[in-house]
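A.B. asks: Below is a structure I'd like to ask you about.
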Amino acid sequence: MNNRMKSEREQLFHDIGVISFVVTEMNEYLDTHPTDKEAMEYLNHYVRMQNQAMREYAMKYGPLRISDADGCNQNEWKWATQPWPWEGGC
Amino acid sequence: MQDYSFNEYFDRFPVAMAYVPWQHLTNIFENLDEAYHVGTIFPELEKPFTGRRCVK
């Protein structure tokens, strides 16, 4: 862990990573426990949070999923013009 | 996908086969950054590999 201060963009990107991880974990749990209501509630909660964070990121910096591309009110196609992962985009 | 009771069915299990105990949802890590770091959101699945015996 480094102690360098994260920029707001880096922090939001990190949070999206954490939330998406929780979604994947719950997804996998539900694959083998398809009637677990509590797990379904957890999943729904974090999916909503994930969508919200993804929309916010798309609006501020550009979309991380193509389905959020319509959330960018820019005059350019941010999907292509924002830095790629190998250009330090994450 | 059946939840076998180990004691009840033990005698009927074939030898040399491995079985994984069924996971039950208890809780998830309160600190999700920690969960992300250890690689699971389920505290009961946190099983760090140390490459040696552990001594408490």
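Each chain of the structure tokens is named A, B, ... in the order shown, its residues numbered from 1; ligands are numbered from 1 in display order.
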Could you make a table, as JSON lines, of the residues of chain A that have an atom within 12 Å of an atom of chain B, each with its nearest atom pair and distance in Å to one decimal, counting only C-alpha atoms, in chain and number order?
C.D. replies:
```
{"residue": "A:Met1", "atom": "CA", "partner": "B:His37", "partner_atom": "CA", "distance": 9.9}
{"residue": "A:Gln11", "atom": "CA", "partner": "B:Asp33", "partner_atom": "CA", "distance": 11.8}
{"residue": "A:His14", "atom": "CA", "partner": "B:Asp33", "partner_atom": "CA", "distance": 9.3}
{"residue": "A:Asp15", "atom": "CA", "partner": "B:Asp33", "partner_atom": "CA", "distance": 8.5}
{"residue": "A:Ile16", "atom": "CA", "partner": "B:Asp33", "partner_atom": "CA", "distance": 11.1}
{"residue": "A:Gly17", "atom": "CA", "partner": "B:Tyr36", "partner_atom": "CA", "distance": 8.5}
{"residue": "A:Val18", "atom": "CA", "partner": "B:Tyr36", "partner_atom": "CA", "distance": 6.0}
{"residue": "A:Ile19", "atom": "CA", "partner": "B:Leu32", "partner_atom": "CA", "distance": 8.1}
{"residue": "A:Ser20", "atom": "CA", "partner": "B:Tyr36", "partner_atom": "CA", "distance": 9.9}
{"residue": "A:Phe21", "atom": "CA", "partner": "B:Tyr36", "partner_atom": "CA", "distance": 6.9}
{"residue": "A:Val22", "atom": "CA", "partner": "B:Ile41", "partner_atom": "CA", "distance": 6.5}
{"residue": "A:Val23", "atom": "CA", "partner": "B:Ile41", "partner_atom": "CA", "distance": 9.8}
{"residue": "A:Thr24", "atom": "CA", "partner": "B:Ile41", "partner_atom": "CA", "distance": 9.9}
{"residue": "A:Glu25", "atom": "CA", "partner": "B:Ile41", "partner_atom": "CA", "distance": 6.8}
{"residue": "A:Met26", "atom": "CA", "partner": "B:Ile41", "partner_atom": "CA", "distance": 8.5}
{"residue": "A:Asn27", "atom": "CA", "partner": "B:Ile41", "partner_atom": "CA", "distance": 11.7}
{"residue": "A:Glu28", "atom": "CA", "partner": "B:Thr40", "partner_atom": "CA", "distance": 11.2}
{"residue": "A:Tyr29", "atom": "CA", "partner": "B:Gln23", "partner_atom": "CA", "distance": 8.7}
{"residue": "A:Leu30", "atom": "CA", "partner": "B:Leu25", "partner_atom": "CA", "distance": 10.2}
{"residue": "A:Asp31", "atom": "CA", "partner": "B:Met1", "partner_atom": "CA", "distance": 10.3}
{"residue": "A:Thr32", "atom": "CA", "partner": "B:Met1", "partner_atom": "CA", "distance": 7.1}
{"residue": "A:His33", "atom": "CA", "partner": "B:Met1", "partner_atom": "CA", "distance": 8.4}
{"residue": "A:Pro34", "atom": "CA", "partner": "B:Met1", "partner_atom": "CA", "distance": 10.1}
{"residue": "A:Thr35", "atom": "CA", "partner": "B:Met1", "partner_atom": "CA", "distance": 11.6}
{"residue": "A:Asp36", "atom": "CA", "partner": "B:Leu25", "partner_atom": "CA", "distance": 8.4}
{"residue": "A:Lys37", "atom": "CA", "partner": "B:Leu25", "partner_atom": "CA", "distance": 10.4}
{"residue": "A:Glu38", "atom": "CA", "partner": "B:Leu25", "partner_atom": "CA", "distance": 8.3}
{"residue": "A:Ala39", "atom": "CA", "partner": "B:Leu25", "partner_atom": "CA", "distance": 7.5}
{"residue": "A:Met40", "atom": "CA", "partner": "B:Leu25", "partner_atom": "CA", "distance": 11.2}
{"residue": "A:Tyr42", "atom": "CA", "partner": "B:Ile28", "partner_atom": "CA", "distance": 9.6}
{"residue": "A:Leu43", "atom": "CA", "partner": "B:Ile28", "partner_atom": "CA", "distance": 11.8}
{"residue": "A:Tyr46", "atom": "CA", "partner": "B:Leu32", "partner_atom": "CA", "distance": 11.6}
```
A.B. asks: Please measure the separation of CA of Asp70 (chain A) and CA of Gly88 (chain A), giving the value in Å to one decimal.
C.D. replies: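 Going from CA of Asp70 (chain A) over to CA of Gly88 (chain A) covers 23.5 Å.
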A.B. asks: Could you give me, as a ChimeraX atom specification, each residue of chain A that DSSP assigns to helix (DSSP H, G or I) when run on this structure's backbone?
C.D. replies: /A:8-32,37-60,66-71,78-81,85-87
A.B. asks: Mind pulling up the distance from CA of Glu30 (chain B) to CA of Leu64 (chain A)?
C.D. replies: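 If I compute the distance from CA of Leu64 (chain A) to CA of Glu30 (chain B), I get 26.3 Å.
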